[in-house]
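Student: What follows is structure-v2.cif, mmCIF, C-alpha atoms and all ligand atoms.
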```
data_coords
#
loop_
_atom_site.group_PDB
_atom_site.id
_atom_site.type_symbol
_atom_site.label_atom_id
_atom_site.label_comp_id
_atom_site.auth_asym_id
_atom_site.auth_seq_id
_atom_site.Cartn_x
_atom_site.Cartn_y
_atom_site.Cartn_z
ATOM 1 C CA MET U 261 95.677 110.498 99.158
ATOM 2 C CA ALA U 262 95.029 110.175 102.899
ATOM 3 C CA LYS U 263 93.368 106.951 103.904
ATOM 4 C CA LYS U 264 89.688 107.139 104.815
ATOM 5 C CA LYS U 265 88.923 106.769 108.503
ATOM 6 C CA ILE U 266 86.927 103.866 109.935
ATOM 7 C CA ALA U 267 85.807 103.883 113.576
ATOM 8 C CA VAL U 268 84.972 100.373 114.783
ATOM 9 C CA LEU U 269 82.992 99.936 118.015
ATOM 10 C CA THR U 270 82.996 96.364 119.307
ATOM 11 C CA GLY U 271 81.278 94.442 122.085
ATOM 12 C CA ALA U 272 81.273 90.943 123.489
ATOM 13 C CA GLY U 273 79.733 89.471 120.306
ATOM 14 C CA VAL U 274 82.965 89.969 118.343
ATOM 15 C CA SER U 275 84.696 87.559 120.737
ATOM 16 C CA ALA U 276 81.819 85.044 120.958
ATOM 17 C CA GLU U 277 83.251 82.904 118.148
ATOM 18 C CA SER U 278 86.520 82.771 120.124
ATOM 19 C CA GLY U 279 84.598 80.976 122.876
ATOM 20 C CA LEU U 280 84.241 83.937 125.270
ATOM 21 C CA ALA U 281 80.741 84.340 126.717
ATOM 22 C CA THR U 282 78.706 87.481 126.038
ATOM 23 C CA PHE U 283 76.988 89.250 128.965
ATOM 24 C CA ARG U 284 73.312 89.264 128.004
ATOM 25 C CA GLY U 285 71.093 86.738 126.225
ATOM 26 C CA SER U 286 71.151 82.969 126.626
ATOM 27 C CA GLY U 287 74.430 81.663 128.083
ATOM 28 C CA GLY U 288 75.420 85.244 128.981
ATOM 29 C CA LEU U 289 77.582 85.948 132.044
ATOM 30 C CA TRP U 290 74.898 88.169 133.612
ATOM 31 C CA GLY U 291 72.549 85.163 133.631
ATOM 32 C CA GLU U 292 75.036 83.344 135.875
ATOM 33 C CA TYR U 293 76.460 86.250 137.904
ATOM 34 C CA ASP U 294 74.914 89.406 139.317
ATOM 35 C CA PRO U 295 76.761 92.371 137.762
ATOM 36 C CA GLN U 296 76.044 94.408 140.909
ATOM 37 C CA GLU U 297 78.056 91.822 142.874
ATOM 38 C CA VAL U 298 80.990 91.173 140.532
ATOM 39 C CA ALA U 299 81.260 94.264 138.334
ATOM 40 C CA SER U 300 80.153 97.325 140.312
ATOM 41 C CA ILE U 301 82.141 99.659 142.532
ATOM 42 C CA GLU U 302 79.760 98.937 145.411
ATOM 43 C CA GLY U 303 80.223 95.191 144.847
ATOM 44 C CA TRP U 304 84.004 95.670 144.997
ATOM 45 C CA TYR U 305 83.855 97.280 148.444
ATOM 46 C CA ARG U 306 81.327 94.668 149.661
ATOM 47 C CA ASN U 307 83.341 91.632 148.605
ATOM 48 C CA ARG U 308 86.753 92.154 147.005
ATOM 49 C CA LYS U 309 87.524 88.436 147.057
ATOM 50 C CA LEU U 310 84.472 87.607 144.936
ATOM 51 C CA VAL U 311 85.291 90.328 142.391
ATOM 52 C CA LEU U 312 88.972 89.318 142.169
ATOM 53 C CA GLY U 313 87.893 85.702 141.665
ATOM 54 C CA PHE U 314 85.530 86.661 138.837
ATOM 55 C CA TYR U 315 88.280 88.520 136.951
ATOM 56 C CA ASN U 316 90.846 85.764 137.687
ATOM 57 C CA GLN U 317 88.484 83.394 135.925
ATOM 58 C CA LEU U 318 87.994 85.754 132.953
ATOM 59 C CA ARG U 319 91.793 86.127 132.675
ATOM 60 C CA LYS U 320 92.226 82.350 132.629
ATOM 61 C CA GLN U 321 89.572 81.946 129.915
ATOM 62 C CA LEU U 322 91.266 84.682 127.917
ATOM 63 C CA SER U 323 94.613 82.867 128.131
ATOM 64 C CA GLU U 324 92.943 79.924 126.388
ATOM 65 C CA ALA U 325 91.126 81.972 123.691
ATOM 66 C CA LYS U 326 92.411 83.031 120.279
ATOM 67 C CA PRO U 327 91.388 85.879 117.962
ATOM 68 C CA ASN U 328 88.803 84.762 115.401
ATOM 69 C CA ALA U 329 88.337 85.690 111.737
ATOM 70 C CA ALA U 330 86.350 88.814 112.681
ATOM 71 C CA HIS U 331 89.183 90.218 114.837
ATOM 72 C CA LEU U 332 91.599 89.388 112.006
ATOM 73 C CA ALA U 333 89.378 91.034 109.368
ATOM 74 C CA ILE U 334 89.117 94.207 111.487
ATOM 75 C CA ALA U 335 92.919 94.260 111.828
ATOM 76 C CA GLY U 336 93.237 93.631 108.072
ATOM 77 C CA LEU U 337 91.243 96.805 107.288
ATOM 78 C CA GLU U 338 94.359 98.760 108.321
ATOM 79 C CA LYS U 339 95.946 97.851 104.980
ATOM 80 C CA ASP U 340 93.601 100.209 103.117
ATOM 81 C CA TYR U 341 92.016 102.377 105.800
ATOM 82 C CA ASP U 342 92.915 104.425 108.839
ATOM 83 C CA VAL U 343 91.216 102.297 111.507
ATOM 84 C CA THR U 344 90.653 102.864 115.209
ATOM 85 C CA VAL U 345 88.965 100.174 117.275
ATOM 86 C CA ILE U 346 86.950 101.367 120.259
ATOM 87 C CA THR U 347 86.098 98.295 122.269
ATOM 88 C CA GLN U 348 83.854 97.676 125.259
ATOM 89 C CA ASN U 349 85.637 94.362 125.661
ATOM 90 C CA VAL U 350 88.183 93.789 128.394
ATOM 91 C CA ASP U 351 89.873 91.010 126.398
ATOM 92 C CA ASN U 352 92.999 91.572 124.293
ATOM 93 C CA LEU U 353 91.912 89.744 121.138
ATOM 94 C CA HIS U 354 91.957 92.844 118.899
ATOM 95 C CA GLU U 355 95.580 93.519 119.845
ATOM 96 C CA ARG U 356 96.499 89.862 119.376
ATOM 97 C CA ALA U 357 94.843 89.918 115.926
ATOM 98 C CA GLY U 358 97.146 92.801 114.935
ATOM 99 C CA SER U 359 94.990 95.919 115.375
ATOM 100 C CA THR U 360 97.426 98.707 116.198
ATOM 101 C CA ARG U 361 95.022 101.347 117.537
ATOM 102 C CA VAL U 362 92.683 99.969 120.192
ATOM 103 C CA LEU U 363 90.908 102.127 122.772
ATOM 104 C CA HIS U 364 89.429 100.180 125.689
ATOM 105 C CA LEU U 365 86.317 101.858 127.076
ATOM 106 C CA HIS U 366 85.693 99.434 129.954
ATOM 107 C CA GLY U 367 89.255 98.571 130.964
ATOM 108 C CA GLU U 368 91.506 95.571 130.394
ATOM 109 C CA ALA U 369 91.340 92.168 132.086
ATOM 110 C CA THR U 370 95.114 91.663 131.951
ATOM 111 C CA LYS U 371 95.796 94.814 133.988
ATOM 112 C CA VAL U 372 95.359 95.868 137.612
ATOM 113 C CA ARG U 373 95.962 99.017 139.625
ATOM 114 C CA PRO U 374 95.873 100.083 143.281
ATOM 115 C CA GLU U 375 92.548 101.024 144.796
ATOM 116 C CA ASN U 376 93.019 104.602 145.872
ATOM 117 C CA GLY U 377 90.836 105.063 148.909
ATOM 118 C CA GLU U 378 87.152 104.463 149.412
ATOM 119 C CA TYR U 379 85.189 104.936 146.172
ATOM 120 C CA ASP U 380 88.434 105.737 144.409
ATOM 121 C CA ARG U 381 87.929 108.176 141.584
ATOM 122 C CA THR U 382 91.319 108.809 140.103
ATOM 123 C CA TYR U 383 94.397 106.897 139.066
ATOM 124 C CA SER U 384 97.462 107.589 137.036
ATOM 125 C CA GLU U 385 98.396 105.495 133.986
ATOM 126 C CA LYS U 386 101.780 104.971 135.721
ATOM 127 C CA GLU U 387 100.039 102.963 138.452
ATOM 128 C CA VAL U 388 98.590 100.422 136.003
ATOM 129 C CA ILE U 389 100.334 97.027 136.131
ATOM 130 C CA ASP U 390 100.207 94.376 133.406
ATOM 131 C CA VAL U 391 99.726 90.989 135.111
ATOM 132 C CA GLY U 392 99.087 89.044 131.910
ATOM 133 C CA TYR U 393 96.989 86.004 132.759
ATOM 134 C CA GLU U 394 98.141 85.622 136.390
ATOM 135 C CA PRO U 395 95.591 85.561 139.213
ATOM 136 C CA VAL U 396 95.442 88.507 141.636
ATOM 137 C CA ASN U 397 94.259 87.796 145.170
ATOM 138 C CA LEU U 398 93.239 89.555 148.343
ATOM 139 C CA GLY U 399 96.464 90.742 150.005
ATOM 140 C CA ASP U 400 98.296 91.326 146.695
ATOM 141 C CA LEU U 401 99.460 94.897 147.103
ATOM 142 C CA ALA U 402 100.578 97.674 144.768
ATOM 143 C CA PRO U 403 103.912 99.465 145.363
ATOM 144 C CA ASN U 404 101.957 102.145 147.283
ATOM 145 C CA GLY U 405 100.718 99.492 149.736
ATOM 146 C CA SER U 406 97.095 99.438 148.510
ATOM 147 C CA GLN U 407 95.146 96.370 147.498
ATOM 148 C CA LEU U 408 95.349 95.707 143.747
ATOM 149 C CA ARG U 409 92.025 95.923 141.939
ATOM 150 C CA PRO U 410 91.063 94.995 138.367
ATOM 151 C CA HIS U 411 91.778 97.758 135.810
ATOM 152 C CA ILE U 412 88.121 97.619 134.844
ATOM 153 C CA VAL U 413 85.485 100.323 134.623
ATOM 154 C CA PHE U 414 83.003 99.005 137.162
ATOM 155 C CA PHE U 415 79.319 99.909 136.953
ATOM 156 C CA GLY U 416 78.988 103.147 138.880
ATOM 157 C CA GLU U 417 82.370 104.478 137.707
ATOM 158 C CA ALA U 418 83.157 107.119 135.098
ATOM 159 C CA VAL U 419 84.389 106.048 131.637
ATOM 160 C CA PRO U 420 87.722 107.894 131.283
ATOM 161 C CA ASN U 421 88.193 107.176 127.566
ATOM 162 C CA ILE U 422 84.767 108.337 126.409
ATOM 163 C CA GLU U 423 85.932 111.745 125.169
ATOM 164 C CA LYS U 424 88.702 110.215 123.062
ATOM 165 C CA ALA U 425 86.094 107.799 121.663
ATOM 166 C CA ILE U 426 83.717 110.659 120.783
ATOM 167 C CA ASP U 427 86.507 112.447 118.867
ATOM 168 C CA ILE U 428 87.334 109.254 116.930
ATOM 169 C CA VAL U 429 83.683 108.709 115.964
ATOM 170 C CA ALA U 430 83.180 112.375 115.058
ATOM 171 C CA GLY U 431 86.176 112.213 112.711
ATOM 172 C CA ALA U 432 85.210 108.945 111.002
ATOM 173 C CA ASP U 433 84.195 108.517 107.337
ATOM 174 C CA VAL U 434 82.550 105.167 108.123
ATOM 175 C CA MET U 435 81.458 103.677 111.425
ATOM 176 C CA LEU U 436 81.189 99.944 112.044
ATOM 177 C CA ILE U 437 79.592 98.470 115.173
ATOM 178 C CA VAL U 438 80.106 94.753 115.854
ATOM 179 C CA GLY U 439 78.526 92.451 118.449
ATOM 180 C CA THR U 440 77.104 94.763 121.078
ATOM 181 C CA SER U 441 73.548 94.845 122.385
ATOM 182 C CA LEU U 442 73.869 98.654 122.783
ATOM 183 C CA ASN U 443 72.430 98.457 126.293
ATOM 184 C CA VAL U 444 75.270 100.128 128.163
ATOM 185 C CA TYR U 445 75.811 103.890 128.009
ATOM 186 C CA PRO U 446 77.759 105.974 127.226
ATOM 187 C CA ALA U 447 79.172 103.460 124.684
ATOM 188 C CA ALA U 448 75.729 102.779 123.181
ATOM 189 C CA GLY U 449 75.261 106.446 122.276
ATOM 190 C CA LEU U 450 78.646 106.908 120.609
ATOM 191 C CA TYR U 451 77.377 106.428 117.043
ATOM 192 C CA ARG U 452 75.276 109.583 117.437
ATOM 193 C CA TYR U 453 78.490 111.623 117.278
ATOM 194 C CA ALA U 454 79.153 110.438 113.713
ATOM 195 C CA LYS U 455 78.762 113.089 110.997
ATOM 196 C CA ASN U 456 75.408 113.059 109.175
ATOM 197 C CA GLU U 457 76.997 111.782 105.977
ATOM 198 C CA THR U 458 78.951 109.010 107.736
ATOM 199 C CA PRO U 459 77.379 105.615 107.074
ATOM 200 C CA VAL U 460 76.922 103.449 110.194
ATOM 201 C CA TYR U 461 76.924 99.650 109.859
ATOM 202 C CA LEU U 462 76.026 97.207 112.626
ATOM 203 C CA ILE U 463 76.922 93.508 112.558
ATOM 204 C CA ASP U 464 74.841 91.467 115.008
ATOM 205 C CA PRO U 465 72.751 88.325 114.448
ATOM 206 C CA GLU U 466 70.039 89.650 116.821
ATOM 207 C CA ASP U 467 67.980 92.792 117.333
ATOM 208 C CA VAL U 468 69.770 95.395 119.434
ATOM 209 C CA ALA U 469 68.423 97.912 121.935
ATOM 210 C CA ILE U 470 68.485 100.795 119.446
ATOM 211 C CA TYR U 471 66.437 101.249 116.307
ATOM 212 C CA ASP U 472 67.707 104.010 114.075
ATOM 213 C CA PRO U 473 67.117 104.116 110.301
ATOM 214 C CA LYS U 474 70.608 105.591 109.935
ATOM 215 C CA ILE U 475 72.093 102.223 110.932
ATOM 216 C CA THR U 476 72.439 99.498 108.276
ATOM 217 C CA HIS U 477 72.008 96.238 110.188
ATOM 218 C CA ILE U 478 73.975 93.255 108.816
ATOM 219 C CA ARG U 479 72.159 90.468 110.638
ATOM 220 C CA GLU U 480 74.993 87.934 110.761
ATOM 221 C CA VAL U 481 77.594 86.610 113.195
ATOM 222 C CA ALA U 482 80.783 88.641 113.329
ATOM 223 C CA THR U 483 82.979 86.423 111.114
ATOM 224 C CA LYS U 484 80.417 86.211 108.299
ATOM 225 C CA GLY U 485 79.256 89.802 108.817
ATOM 226 C CA MET U 486 82.797 91.124 108.338
ATOM 227 C CA GLU U 487 82.894 89.496 104.877
ATOM 228 C CA THR U 488 79.610 91.229 104.007
ATOM 229 C CA PHE U 489 80.828 94.549 105.401
ATOM 230 C CA ILE U 490 84.070 94.396 103.407
ATOM 231 C CA SER U 491 82.201 93.696 100.171
ATOM 232 C CA LYS U 492 79.847 96.635 100.871
ATOM 233 C CA LEU U 493 82.817 98.858 101.610
ATOM 234 C CA LYS U 494 84.364 98.025 98.241
ATOM 235 C CA GLU U 495 81.065 98.442 96.384
ATOM 236 C CA CYS U 496 79.801 101.632 97.822
ATOM 237 C CA ILE U 497 82.219 104.233 98.898
ATOM 238 C CA PHE U 498 85.849 104.568 98.307
HETATM 239 P P1 LIG J 501 76.114 91.995 125.382
HETATM 240 O O1 LIG J 501 76.251 90.629 125.956
HETATM 241 O O2 LIG J 501 75.130 92.921 126.009
HETATM 242 O O3 LIG J 501 75.738 91.910 123.842
HETATM 243 C C1 LIG J 501 76.422 91.050 122.988
HETATM 244 C C2 LIG J 501 75.844 91.177 121.597
HETATM 245 O O4 LIG J 501 76.578 90.310 120.761
HETATM 246 C C3 LIG J 501 74.367 90.788 121.476
HETATM 247 O O5 LIG J 501 73.655 91.790 120.768
HETATM 248 C C4 LIG J 501 74.406 89.478 120.677
HETATM 249 O O6 LIG J 501 73.296 89.329 119.793
HETATM 250 C C5 LIG J 501 75.687 89.648 119.875
HETATM 251 N N1 LIG J 501 76.325 88.399 119.433
HETATM 252 C C6 LIG J 501 76.283 87.164 119.984
HETATM 253 N N2 LIG J 501 77.035 86.306 119.271
HETATM 254 C C7 LIG J 501 77.564 87.008 118.244
HETATM 255 C C8 LIG J 501 78.424 86.689 117.156
HETATM 256 N N3 LIG J 501 78.924 85.466 116.972
HETATM 257 N N4 LIG J 501 78.761 87.684 116.304
HETATM 258 C C9 LIG J 501 78.278 88.945 116.470
HETATM 259 N N5 LIG J 501 77.467 89.294 117.464
HETATM 260 C C10 LIG J 501 77.105 88.345 118.342
HETATM 261 O O7 LIG J 501 77.597 92.612 125.369
HETATM 262 P P2 LIG J 501 78.052 94.127 125.199
HETATM 263 O O8 LIG J 501 77.086 94.897 124.379
HETATM 264 O O9 LIG J 501 79.469 94.092 124.787
HETATM 265 O O10 LIG J 501 80.632 96.034 130.725
HETATM 266 O O11 LIG J 501 77.962 94.615 126.696
HETATM 267 C C11 LIG J 501 78.362 95.922 127.023
HETATM 268 C C12 LIG J 501 78.949 95.948 128.408
HETATM 269 O O12 LIG J 501 78.038 95.363 129.332
HETATM 270 C C13 LIG J 501 80.212 95.123 128.566
HETATM 271 O O13 LIG J 501 81.367 95.821 128.161
HETATM 272 C C14 LIG J 501 80.239 94.836 130.033
HETATM 273 C C15 LIG J 501 78.784 94.511 130.238
HETATM 274 O O14 LIG J 501 78.277 94.725 131.495
HETATM 275 C C16 LIG J 501 81.292 95.956 131.895
HETATM 276 O O15 LIG J 501 81.518 94.915 132.454
HETATM 277 C C17 LIG J 501 81.684 97.284 132.438
#
```
Before we go any further, please render this structure as structure tokens.
Ligand code: OAD

Tutor:
Amino acid sequence: MAKKKIAVLTGAGVSAESGLATFRGSGGLWGEYDPQEVASIEGWYRNRKLVLGFYNQLRKQLSEAKPNAAHLAIAGLEKDYDVTVITQNVDNLHERAGSTRVLHLHGEATKVRPENGEYDRTYSEKEVIDVGYEPVNLGDLAPNGSQLRPHIVFFGEAVPNIEKAIDIVAGADVMLIVGTSLNVYPAAGLYRYAKNETPVYLIDPEDVAIYDPKITHIREVATKGMETFISKLKECIF
């Protein structure tokens, strides 16, 4: 029998127990930095050095972080289920935990690409360069002679992977959302593409920006919440 499909949507909260800061709430990155300065397309053209420095720092923190039990539990679901992870995170902790199908909605911190003209709109996957955890500075150029920029979906830019994500959610038998405040669209609206009969679980210790009776809220941190989710999965459906 074909394995049942689970779509997992993750946000910064899944990596919090690995020591990576979330964006909102106390201790969040957007309390310390202005996202319009360090994570928007306008901010990039205003001050490339500042933006490069912000992502150099994130890359360094990522080099020191390890996947936690929640990333490992999500990867472990692949033993019994057909799992696709859709993540808003720019870290690589799902891949390092062993998840084999990971779709990054907001880009990847370990990658860069050339900026292609003012307010660049398009790029080819062939232009994307994996720099690992190395810093990238002003004056570091791509083979086409352009400044390298983070391979990140800045605020103000389109989300190229959103249609793939919608198809994954629409085809899922179960949807699991972990550690996202559901403040940022279009990612926050993805669960609405799930079929009516598809149960939607959310693991987050706090309230999130969406109230929908369709969502079963497991009010726990990601590591503990994954244990609860797995026991519910065994109990209830397949
Ligand atoms: P947020 O910082 O908005 O939300 C993080 C969520 O994680 C909150 O709801 C917290 O309650 C929850 N949380 C905290 N610790 C947790 C834990 N140990 N286990 C589980 N949950 C926990 O982060 P995102 O929703 O991911 O985009 O933010 C979405 C996007 O906004 C990011 O991808 C980023 C940001 O601006 C870009 O930079 C393009």

Student: Quick one: of U:Ser286, U:Ser384, U:Gln348, U:Ser359, who's nearest to ligand LIG 501 (chain J), counting only C-alpha atoms and all ligand atoms?

Tutor: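 The answer is U:Gln348, which sits nearest to ligand LIG 501 (chain J).
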
Student: Which residues fall under the PyMOL selection byres (((chain U and resi 270-282) around 10) and not hetatm) in this file, as a VMD selection string?

Tutor: chain U and resid 267 to 269 283 to 290 318 321 to 322 324 to 331 345 to 354 364 436 to 442 447 462 to 465 481 to 483

Student: Would you mind reading off the distance between CA of Ser300 in chain U and CA of Phe414 in chain U, one decimal, in Å?

Tutor: 4.6 Å

Student: Using only C-alpha atoms and all ligand atoms for the distances, tell me which of U:Glu375, U:Glu355, U:Glu480, U:Glu338 is nearest to ligand LIG 501 (chain J).

Tutor: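 Of the candidates, the smallest distance to ligand LIG 501 (chain J) is held by U:Glu480.
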
Student: What is the CA of Gln407 in chain U-atom O9 of ligand LIG 501 (chain J) distance in Å, reported with one decimal?

Tutor: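 Rounded to one decimal, the two atoms are 27.7 Å apart.
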
Student: Could you name the residues that touch range 425-432 of chain U at 8 Å or less, counting all atoms listed in the file, but leaving out those on the same chain fewer than 4 positions away, as an MDAnalysis selection string?

Tutor: chainID U and resid 264:267 344 346 363 421 450:451 453:455 458

Student: I'd like the residues picked by the PyMOL selection byres (((chain U and resi 388) around 9) and not hetatm) written out as an NGL selection string, using the chain letters and numbers from the file.

Tutor: :U and (371-374 or 383-387 or 389-390 or 411)

Student: Need to verify the contact set: range 396-398 of chain U, 9 Å, all atoms listed in the file, exclusion of same-chain residues closer than 6 positions in sequence. Can you return it as a PyMOL selection string?

Tutor: chain U and resi 308-309+312-313+315-316+372+407-410

Student: Which one of U:Ala469, U:Val434, U:Ala448, U:Ile478 sits closest to Asp342 in chain U if you count all atoms listed in the file?

Tutor: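 When distances to Asp342 in chain U are compared using all atoms listed in the file, the smallest one comes from U:Val434.
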
Student: Which value, in Å to one decimal, gives the distance between CA of Val311 in chain U and CA of Gln296 in chain U?

Tutor: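 It comes out at 10.2 Å.
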
Student: Find the residue from U:Tyr393, U:Tyr305, U:Tyr341, U:Tyr293 that sits nearest to ligand LIG 501 (chain J); use only C-alpha atoms and all ligand atoms when measuring.

Tutor: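 The closest residue to ligand LIG 501 (chain J) is U:Tyr293.
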
Student: Looking at U:Ile475, U:Leu310, U:Val362, U:Leu401, which one is nearest to Glu297 in chain U, with distances taken over only C-alpha atoms?

Tutor: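 Once distances to Glu297 in chain U are computed over only C-alpha atoms, the minimum belongs to U:Leu310.
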
Student: Produce range 270-285 of chain U of the given structure as output with N, CA and C atoms, as a PDB file, in the first residue's frame.

Tutor:
```pdb
ATOM      1  N   THR U 270       7.353  24.232   8.483  1.00  0.00           N
ATOM      2  CA  THR U 270       8.076  24.646   9.693  1.00  0.00           C
ATOM      3  C   THR U 270       8.472  26.121   9.630  1.00  0.00           C
ATOM      4  N   GLY U 271       8.702  26.659  10.845  1.00  0.00           N
ATOM      5  CA  GLY U 271       9.193  28.025  10.994  1.00  0.00           C
ATOM      6  C   GLY U 271      10.306  28.047  12.029  1.00  0.00           C
ATOM      7  N   ALA U 272      10.698  29.243  12.397  1.00  0.00           N
ATOM      8  CA  ALA U 272      11.879  29.417  13.245  1.00  0.00           C
ATOM      9  C   ALA U 272      11.797  28.637  14.560  1.00  0.00           C
ATOM     10  N   GLY U 273      10.570  28.398  15.064  1.00  0.00           N
ATOM     11  CA  GLY U 273      10.421  27.708  16.348  1.00  0.00           C
ATOM     12  C   GLY U 273      10.970  26.293  16.336  1.00  0.00           C
ATOM     13  N   VAL U 274      11.011  25.640  15.172  1.00  0.00           N
ATOM     14  CA  VAL U 274      11.532  24.263  15.146  1.00  0.00           C
ATOM     15  C   VAL U 274      13.040  24.257  15.404  1.00  0.00           C
ATOM     16  N   SER U 275      13.694  25.382  15.126  1.00  0.00           N
ATOM     17  CA  SER U 275      15.150  25.455  15.330  1.00  0.00           C
ATOM     18  C   SER U 275      15.523  26.171  16.628  1.00  0.00           C
ATOM     19  N   ALA U 276      14.500  26.621  17.392  1.00  0.00           N
ATOM     20  CA  ALA U 276      14.793  27.382  18.618  1.00  0.00           C
ATOM     21  C   ALA U 276      15.584  26.539  19.615  1.00  0.00           C
ATOM     22  N   GLU U 277      15.217  25.247  19.719  1.00  0.00           N
ATOM     23  CA  GLU U 277      15.924  24.389  20.690  1.00  0.00           C
ATOM     24  C   GLU U 277      17.314  23.980  20.179  1.00  0.00           C
ATOM     25  N   SER U 278      17.666  24.405  18.974  1.00  0.00           N
ATOM     26  CA  SER U 278      19.046  24.242  18.489  1.00  0.00           C
ATOM     27  C   SER U 278      19.854  25.502  18.770  1.00  0.00           C
ATOM     28  N   GLY U 279      19.219  26.478  19.428  1.00  0.00           N
ATOM     29  CA  GLY U 279      19.937  27.704  19.796  1.00  0.00           C
ATOM     30  C   GLY U 279      19.848  28.814  18.761  1.00  0.00           C
ATOM     31  N   LEU U 280      19.028  28.638  17.708  1.00  0.00           N
ATOM     32  CA  LEU U 280      18.875  29.706  16.715  1.00  0.00           C
ATOM     33  C   LEU U 280      17.683  30.582  17.112  1.00  0.00           C
ATOM     34  N   ALA U 281      17.878  31.892  17.079  1.00  0.00           N
ATOM     35  CA  ALA U 281      16.825  32.813  17.524  1.00  0.00           C
ATOM     36  C   ALA U 281      15.647  32.794  16.564  1.00  0.00           C
ATOM     37  N   THR U 282      14.432  32.973  17.116  1.00  0.00           N
ATOM     38  CA  THR U 282      13.255  33.170  16.260  1.00  0.00           C
ATOM     39  C   THR U 282      13.262  34.649  15.815  1.00  0.00           C
ATOM     40  N   PHE U 283      12.245  35.062  15.090  1.00  0.00           N
ATOM     41  CA  PHE U 283      12.200  36.441  14.575  1.00  0.00           C
ATOM     42  C   PHE U 283      11.371  37.354  15.470  1.00  0.00           C
ATOM     43  N   ARG U 284      10.196  36.834  15.893  1.00  0.00           N
ATOM     44  CA  ARG U 284       9.285  37.665  16.683  1.00  0.00           C
ATOM     45  C   ARG U 284       9.274  37.187  18.132  1.00  0.00           C
ATOM     46  N   GLY U 285       8.635  37.972  19.008  1.00  0.00           N
ATOM     47  CA  GLY U 285       8.571  37.566  20.418  1.00  0.00           C
ATOM     48  C   GLY U 285       9.855  37.948  21.140  1.00  0.00           C
TER      49      GLY U 285
END
```
